[in-house]
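Asker: The following block contains the structure, expressed as C-alpha coordinates.
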Amino acid sequence: PRCARSHRPQNWMTDPSLTARLARIRFLLTDVDGVLTDGRLYFDHAGNEMKVFHVLDGAAFAYWHRSGFQSGLLSGRDCPAVVNRATSNGIQEIHLGKLDKVPALLDIKERLQLEFDEIAYIGDDLLDLPVLREVGFSITPPNGRPELQASVHYVTETAGGFGVIREVV
(Lines give C-alpha, C1' and ligand atoms only; values in the text may rest on other atoms or scores of the structure.)
Protein backbone atom coordinates (compact mmCIF):
# COMPACT_ATOMS: atom_id res chain seq x y z
CA PRO A 1 0.00 0.00 0.00
CA ARG A 2 1.04 3.59 -0.63
CA CYS A 3 0.11 4.56 2.94
CA ALA A 4 2.68 3.87 5.59
CA ARG A 5 1.78 5.86 8.68
CA SER A 6 -0.20 4.16 11.42
CA HIS A 7 -0.12 6.74 14.20
CA ARG A 8 -0.64 10.44 14.57
CA PRO A 9 2.90 11.86 14.85
CA GLN A 10 3.46 14.11 17.85
CA ASN A 11 4.57 16.93 15.57
CA TRP A 12 2.60 16.05 12.45
CA MET A 13 2.18 19.71 11.48
CA THR A 14 5.95 20.10 11.24
CA ASP A 15 6.70 16.63 9.81
CA PRO A 16 8.26 17.46 6.39
CA SER A 17 6.89 14.35 4.68
CA LEU A 18 3.34 15.11 5.81
CA THR A 19 3.47 18.85 5.14
CA ALA A 20 4.73 18.11 1.61
CA ARG A 21 1.82 15.71 1.07
CA LEU A 22 -0.68 18.21 2.46
CA ALA A 23 0.65 21.03 0.29
CA ARG A 24 -0.43 19.10 -2.82
CA ILE A 25 -4.04 18.49 -1.70
CA ARG A 26 -6.71 20.28 -3.76
CA PHE A 27 -9.68 17.97 -3.31
CA LEU A 28 -11.19 16.59 -0.09
CA LEU A 29 -13.27 13.44 -0.49
CA THR A 30 -15.01 11.76 2.42
CA ASP A 31 -17.19 8.83 3.35
CA VAL A 32 -20.41 9.70 5.17
CA ASP A 33 -21.45 7.13 7.79
CA GLY A 34 -18.83 6.93 10.52
CA VAL A 35 -17.11 10.13 9.36
CA LEU A 36 -19.75 12.84 8.91
CA THR A 37 -22.05 10.87 11.21
CA ASP A 38 -21.36 8.72 14.25
CA GLY A 39 -22.19 5.66 12.16
CA ARG A 40 -25.54 4.92 13.73
CA LEU A 41 -28.61 4.70 11.50
CA TYR A 42 -31.81 6.47 12.53
CA PHE A 43 -35.28 5.77 11.11
CA ASP A 44 -38.52 7.63 11.72
CA HIS A 45 -41.91 5.97 12.29
CA ALA A 46 -42.45 5.68 8.51
CA GLY A 47 -39.08 4.00 7.93
CA ASN A 48 -37.35 7.06 6.48
CA GLU A 49 -33.63 7.19 7.18
CA MET A 50 -32.37 10.23 9.06
CA LYS A 51 -28.83 11.45 9.67
CA VAL A 52 -27.32 13.66 12.35
CA PHE A 53 -24.54 15.97 11.13
CA HIS A 54 -22.30 18.24 13.18
CA VAL A 55 -22.30 21.99 12.54
CA LEU A 56 -18.50 22.06 12.82
CA ASP A 57 -18.22 19.97 9.66
CA GLY A 58 -20.53 22.32 7.77
CA ALA A 59 -18.36 25.25 8.76
CA ALA A 60 -15.23 23.32 7.76
CA PHE A 61 -16.58 22.71 4.27
CA ALA A 62 -17.33 26.44 3.99
CA TYR A 63 -13.75 27.30 4.99
CA TRP A 64 -12.37 24.68 2.60
CA HIS A 65 -14.40 26.01 -0.32
CA ARG A 66 -13.61 29.66 0.49
CA SER A 67 -9.94 28.71 0.28
CA GLY A 68 -10.48 27.69 -3.34
CA PHE A 69 -10.65 23.92 -2.88
CA GLN A 70 -13.29 21.39 -3.92
CA SER A 71 -14.91 18.53 -2.04
CA GLY A 72 -16.98 15.42 -2.48
CA LEU A 73 -18.85 12.65 -0.72
CA LEU A 74 -18.36 8.98 -1.53
CA SER A 75 -20.64 6.58 0.34
CA GLY A 76 -21.82 3.01 0.07
CA ARG A 77 -25.28 4.08 1.23
CA ASP A 78 -27.75 6.34 -0.53
CA CYS A 79 -29.88 8.70 1.55
CA PRO A 80 -31.78 11.88 0.57
CA ALA A 81 -30.66 13.56 3.82
CA VAL A 82 -27.05 13.24 2.67
CA VAL A 83 -27.83 14.89 -0.68
CA ASN A 84 -29.58 17.73 1.14
CA ARG A 85 -26.67 18.25 3.55
CA ALA A 86 -24.09 18.08 0.74
CA THR A 87 -25.99 20.58 -1.39
CA SER A 88 -26.43 22.99 1.50
CA ASN A 89 -22.68 22.74 2.22
CA GLY A 90 -21.66 23.44 -1.39
CA ILE A 91 -20.12 19.99 -1.86
CA GLN A 92 -19.53 19.62 -5.59
CA GLU A 93 -19.24 15.84 -5.99
CA ILE A 94 -21.89 13.55 -4.50
CA HIS A 95 -21.44 9.81 -5.14
CA LEU A 96 -23.81 7.68 -3.08
CA GLY A 97 -24.72 4.00 -3.21
CA LYS A 98 -21.19 3.05 -4.30
CA LEU A 99 -20.10 -0.21 -2.69
CA ASP A 100 -17.10 -0.30 -5.02
CA LYS A 101 -15.68 3.16 -4.44
CA VAL A 102 -12.62 3.08 -6.71
CA PRO A 103 -14.55 3.68 -9.98
CA ALA A 104 -16.09 6.83 -8.48
CA LEU A 105 -12.63 7.98 -7.34
CA LEU A 106 -11.26 7.43 -10.85
CA ASP A 107 -14.22 9.32 -12.37
CA ILE A 108 -13.64 12.31 -10.08
CA LYS A 109 -9.90 12.24 -10.76
CA GLU A 110 -10.36 12.21 -14.53
CA ARG A 111 -13.19 14.75 -14.80
CA LEU A 112 -11.54 17.26 -12.45
CA GLN A 113 -8.08 16.60 -13.93
CA LEU A 114 -6.56 15.69 -10.58
CA GLU A 115 -3.62 13.50 -9.67
CA PHE A 116 -4.01 10.99 -6.85
CA ASP A 117 -1.58 12.99 -4.72
CA GLU A 118 -3.93 16.00 -4.95
CA ILE A 119 -6.77 14.10 -3.28
CA ALA A 120 -7.31 13.53 0.45
CA TYR A 121 -9.82 10.90 1.56
CA ILE A 122 -11.45 10.22 4.92
CA GLY A 123 -12.95 6.80 5.52
CA ASP A 124 -13.72 4.54 8.45
CA ASP A 125 -14.57 1.07 7.15
CA LEU A 126 -13.18 -1.68 4.94
CA LEU A 127 -15.00 -0.41 1.83
CA ASP A 128 -12.82 2.70 2.11
CA LEU A 129 -9.48 0.90 2.18
CA PRO A 130 -8.94 0.68 -1.62
CA VAL A 131 -9.53 4.44 -1.94
CA LEU A 132 -7.35 5.25 1.08
CA ARG A 133 -4.51 3.31 -0.54
CA GLU A 134 -4.66 5.39 -3.74
CA VAL A 135 -4.91 8.98 -2.53
CA GLY A 136 -2.18 11.42 -1.57
CA PHE A 137 -3.35 11.84 2.02
CA SER A 138 -5.45 9.22 3.83
CA ILE A 139 -7.36 9.81 7.05
CA THR A 140 -9.55 7.82 9.42
CA PRO A 141 -11.27 8.79 12.66
CA PRO A 142 -10.42 6.86 15.84
CA ASN A 143 -13.65 4.89 15.44
CA GLY A 144 -12.35 3.65 12.07
CA ARG A 145 -11.51 -0.01 11.64
CA PRO A 146 -8.10 -1.06 13.02
CA GLU A 147 -7.07 -2.13 9.51
CA LEU A 148 -7.53 1.46 8.37
CA GLN A 149 -5.78 2.96 11.37
CA ALA A 150 -2.76 0.81 10.51
CA SER A 151 -2.76 2.02 6.88
CA VAL A 152 -3.52 5.74 6.85
CA HIS A 153 -1.37 8.84 7.08
CA TYR A 154 -3.45 10.39 9.86
CA VAL A 155 -5.86 9.23 12.57
CA THR A 156 -7.96 12.14 13.83
CA GLU A 157 -8.48 12.86 17.49
CA THR A 158 -12.13 13.63 16.73
CA ALA A 159 -14.57 10.74 16.47
CA GLY A 160 -16.82 10.38 13.45
CA GLY A 161 -19.92 12.55 13.66
CA PHE A 162 -18.32 15.10 15.96
CA GLY A 163 -16.32 17.39 13.66
CA VAL A 164 -13.81 15.21 11.82
CA ILE A 165 -13.90 17.49 8.75
CA ARG A 166 -13.25 20.53 10.95
CA GLU A 167 -10.16 18.87 12.42
CA VAL A 168 -8.87 17.86 9.00
CA VAL A 169 -9.48 21.26 7.38
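Residue names in the C-alpha coordinates use chain letters A, B, ... in the order shown, residue numbers from 1 in each chain, and ligand numbers from 1 in the order shown.
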Show which residues sit within 10 Å of A:Phe61, as an MDAnalysis selection string. Count only C-alpha atoms, and ignore same-chain residues fewer than 2 positions away.
Answerer: chainID A and resid 28 56:59 63:67 69:72 86 89:91 165:166 169
Asker: Would you give me, as a list in words, the residues in chain A that DSSP reads as strand (DSSP E)?
Answerer: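 Written out, the strand (DSSP E) residues of chain A are Phe27, Leu28, Leu29, Thr30, Tyr42, Phe43, Glu49, Met50, Gln70, Ser71, Gly72, Leu73, Leu74, Glu93, Ile94, His95, Ile119, Ala120, Tyr121, Ile122, Phe137, Ser138, Ile139, Thr140, Tyr154 and Val155 of chain A.
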Asker: Using only N, CA and C atoms, please write the residues we just selected to a file, as a PDB file, in the first residue's frame.
Answerer:
ATOM      1  N   PHE A  27      -8.340  18.539  -3.342  1.00  0.00           N
ATOM      2  CA  PHE A  27      -9.684  17.972  -3.305  1.00  0.00           C
ATOM      3  C   PHE A  27      -9.831  17.104  -2.066  1.00  0.00           C
ATOM      4  N   LEU A  28     -10.892  17.357  -1.291  1.00  0.00           N
ATOM      5  CA  LEU A  28     -11.188  16.591  -0.087  1.00  0.00           C
ATOM      6  C   LEU A  28     -12.413  15.721  -0.354  1.00  0.00           C
ATOM      7  N   LEU A  29     -12.213  14.426  -0.266  1.00  0.00           N
ATOM      8  CA  LEU A  29     -13.269  13.442  -0.492  1.00  0.00           C
ATOM      9  C   LEU A  29     -13.488  12.697   0.817  1.00  0.00           C
ATOM     10  N   THR A  30     -14.744  12.428   1.156  1.00  0.00           N
ATOM     11  CA  THR A  30     -15.013  11.759   2.421  1.00  0.00           C
ATOM     12  C   THR A  30     -16.179  10.782   2.308  1.00  0.00           C
ATOM     13  N   TYR A  42     -30.572   6.061  11.879  1.00  0.00           N
ATOM     14  CA  TYR A  42     -31.809   6.471  12.528  1.00  0.00           C
ATOM     15  C   TYR A  42     -32.941   6.378  11.519  1.00  0.00           C
ATOM     16  N   PHE A  43     -34.105   5.876  11.968  1.00  0.00           N
ATOM     17  CA  PHE A  43     -35.276   5.774  11.106  1.00  0.00           C
ATOM     18  C   PHE A  43     -36.470   6.355  11.838  1.00  0.00           C
ATOM     19  N   GLU A  49     -34.938   7.072   6.538  1.00  0.00           N
ATOM     20  CA  GLU A  49     -33.634   7.189   7.176  1.00  0.00           C
ATOM     21  C   GLU A  49     -33.321   8.646   7.468  1.00  0.00           C
ATOM     22  N   MET A  50     -32.774   8.891   8.657  1.00  0.00           N
ATOM     23  CA  MET A  50     -32.371  10.230   9.057  1.00  0.00           C
ATOM     24  C   MET A  50     -30.899  10.199   9.428  1.00  0.00           C
ATOM     25  N   GLN A  70     -12.044  22.098  -3.646  1.00  0.00           N
ATOM     26  CA  GLN A  70     -13.292  21.390  -3.921  1.00  0.00           C
ATOM     27  C   GLN A  70     -13.419  20.187  -3.002  1.00  0.00           C
ATOM     28  N   SER A  71     -14.652  19.654  -2.932  1.00  0.00           N
ATOM     29  CA  SER A  71     -14.905  18.528  -2.044  1.00  0.00           C
ATOM     30  C   SER A  71     -15.934  17.582  -2.637  1.00  0.00           C
ATOM     31  N   GLY A  72     -16.010  16.397  -2.041  1.00  0.00           N
ATOM     32  CA  GLY A  72     -16.981  15.417  -2.482  1.00  0.00           C
ATOM     33  C   GLY A  72     -17.295  14.398  -1.412  1.00  0.00           C
ATOM     34  N   LEU A  73     -18.432  13.736  -1.590  1.00  0.00           N
ATOM     35  CA  LEU A  73     -18.846  12.648  -0.717  1.00  0.00           C
ATOM     36  C   LEU A  73     -18.840  11.361  -1.526  1.00  0.00           C
ATOM     37  N   LEU A  74     -18.420  10.281  -0.890  1.00  0.00           N
ATOM     38  CA  LEU A  74     -18.365   8.976  -1.527  1.00  0.00           C
ATOM     39  C   LEU A  74     -18.821   7.951  -0.497  1.00  0.00           C
ATOM     40  N   GLU A  93     -19.148  17.221  -5.514  1.00  0.00           N
ATOM     41  CA  GLU A  93     -19.244  15.836  -5.990  1.00  0.00           C
ATOM     42  C   GLU A  93     -19.994  14.998  -4.967  1.00  0.00           C
ATOM     43  N   ILE A  94     -21.089  14.372  -5.393  1.00  0.00           N
ATOM     44  CA  ILE A  94     -21.893  13.547  -4.496  1.00  0.00           C
ATOM     45  C   ILE A  94     -22.063  12.185  -5.156  1.00  0.00           C
ATOM     46  N   HIS A  95     -21.412  11.173  -4.592  1.00  0.00           N
ATOM     47  CA  HIS A  95     -21.438   9.814  -5.137  1.00  0.00           C
ATOM     48  C   HIS A  95     -21.922   8.884  -4.035  1.00  0.00           C
ATOM     49  N   ILE A 119      -5.514  14.490  -3.905  1.00  0.00           N
ATOM     50  CA  ILE A 119      -6.772  14.097  -3.277  1.00  0.00           C
ATOM     51  C   ILE A 119      -6.513  13.572  -1.870  1.00  0.00           C
ATOM     52  N   ALA A 120      -7.292  14.074  -0.903  1.00  0.00           N
ATOM     53  CA  ALA A 120      -7.308  13.525   0.452  1.00  0.00           C
ATOM     54  C   ALA A 120      -8.627  12.783   0.618  1.00  0.00           C
ATOM     55  N   TYR A 121      -8.597  11.666   1.328  1.00  0.00           N
ATOM     56  CA  TYR A 121      -9.822  10.899   1.557  1.00  0.00           C
ATOM     57  C   TYR A 121      -9.924  10.517   3.020  1.00  0.00           C
ATOM     58  N   ILE A 122     -11.160  10.610   3.541  1.00  0.00           N
ATOM     59  CA  ILE A 122     -11.447  10.224   4.917  1.00  0.00           C
ATOM     60  C   ILE A 122     -12.446   9.072   4.883  1.00  0.00           C
ATOM     61  N   PHE A 137      -3.307  11.715   0.563  1.00  0.00           N
ATOM     62  CA  PHE A 137      -3.349  11.838   2.021  1.00  0.00           C
ATOM     63  C   PHE A 137      -4.574  11.096   2.511  1.00  0.00           C
ATOM     64  N   SER A 138      -4.369  10.090   3.346  1.00  0.00           N
ATOM     65  CA  SER A 138      -5.447   9.224   3.825  1.00  0.00           C
ATOM     66  C   SER A 138      -5.673   9.439   5.314  1.00  0.00           C
ATOM     67  N   ILE A 139      -6.962   9.442   5.690  1.00  0.00           N
ATOM     68  CA  ILE A 139      -7.355   9.808   7.052  1.00  0.00           C
ATOM     69  C   ILE A 139      -8.459   8.872   7.521  1.00  0.00           C
ATOM     70  N   THR A 140      -8.444   8.535   8.795  1.00  0.00           N
ATOM     71  CA  THR A 140      -9.554   7.823   9.418  1.00  0.00           C
ATOM     72  C   THR A 140      -9.782   8.406  10.804  1.00  0.00           C
ATOM     73  N   TYR A 154      -3.036   9.620   8.691  1.00  0.00           N
ATOM     74  CA  TYR A 154      -3.447  10.394   9.858  1.00  0.00           C
ATOM     75  C   TYR A 154      -4.714   9.800  10.478  1.00  0.00           C
ATOM     76  N   VAL A 155      -4.690   9.623  11.786  1.00  0.00           N
ATOM     77  CA  VAL A 155      -5.864   9.234  12.565  1.00  0.00           C
ATOM     78  C   VAL A 155      -6.281  10.465  13.349  1.00  0.00           C
TER      79      VAL A 155
END
Asker: What does the distance between atom CA of A:Val35 and atom CA of A:Ser88 come to in Å, to one decimal place?
Answerer: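 Taking atom CA of A:Val35 and atom CA of A:Ser88, their separation equals 17.7 Å.
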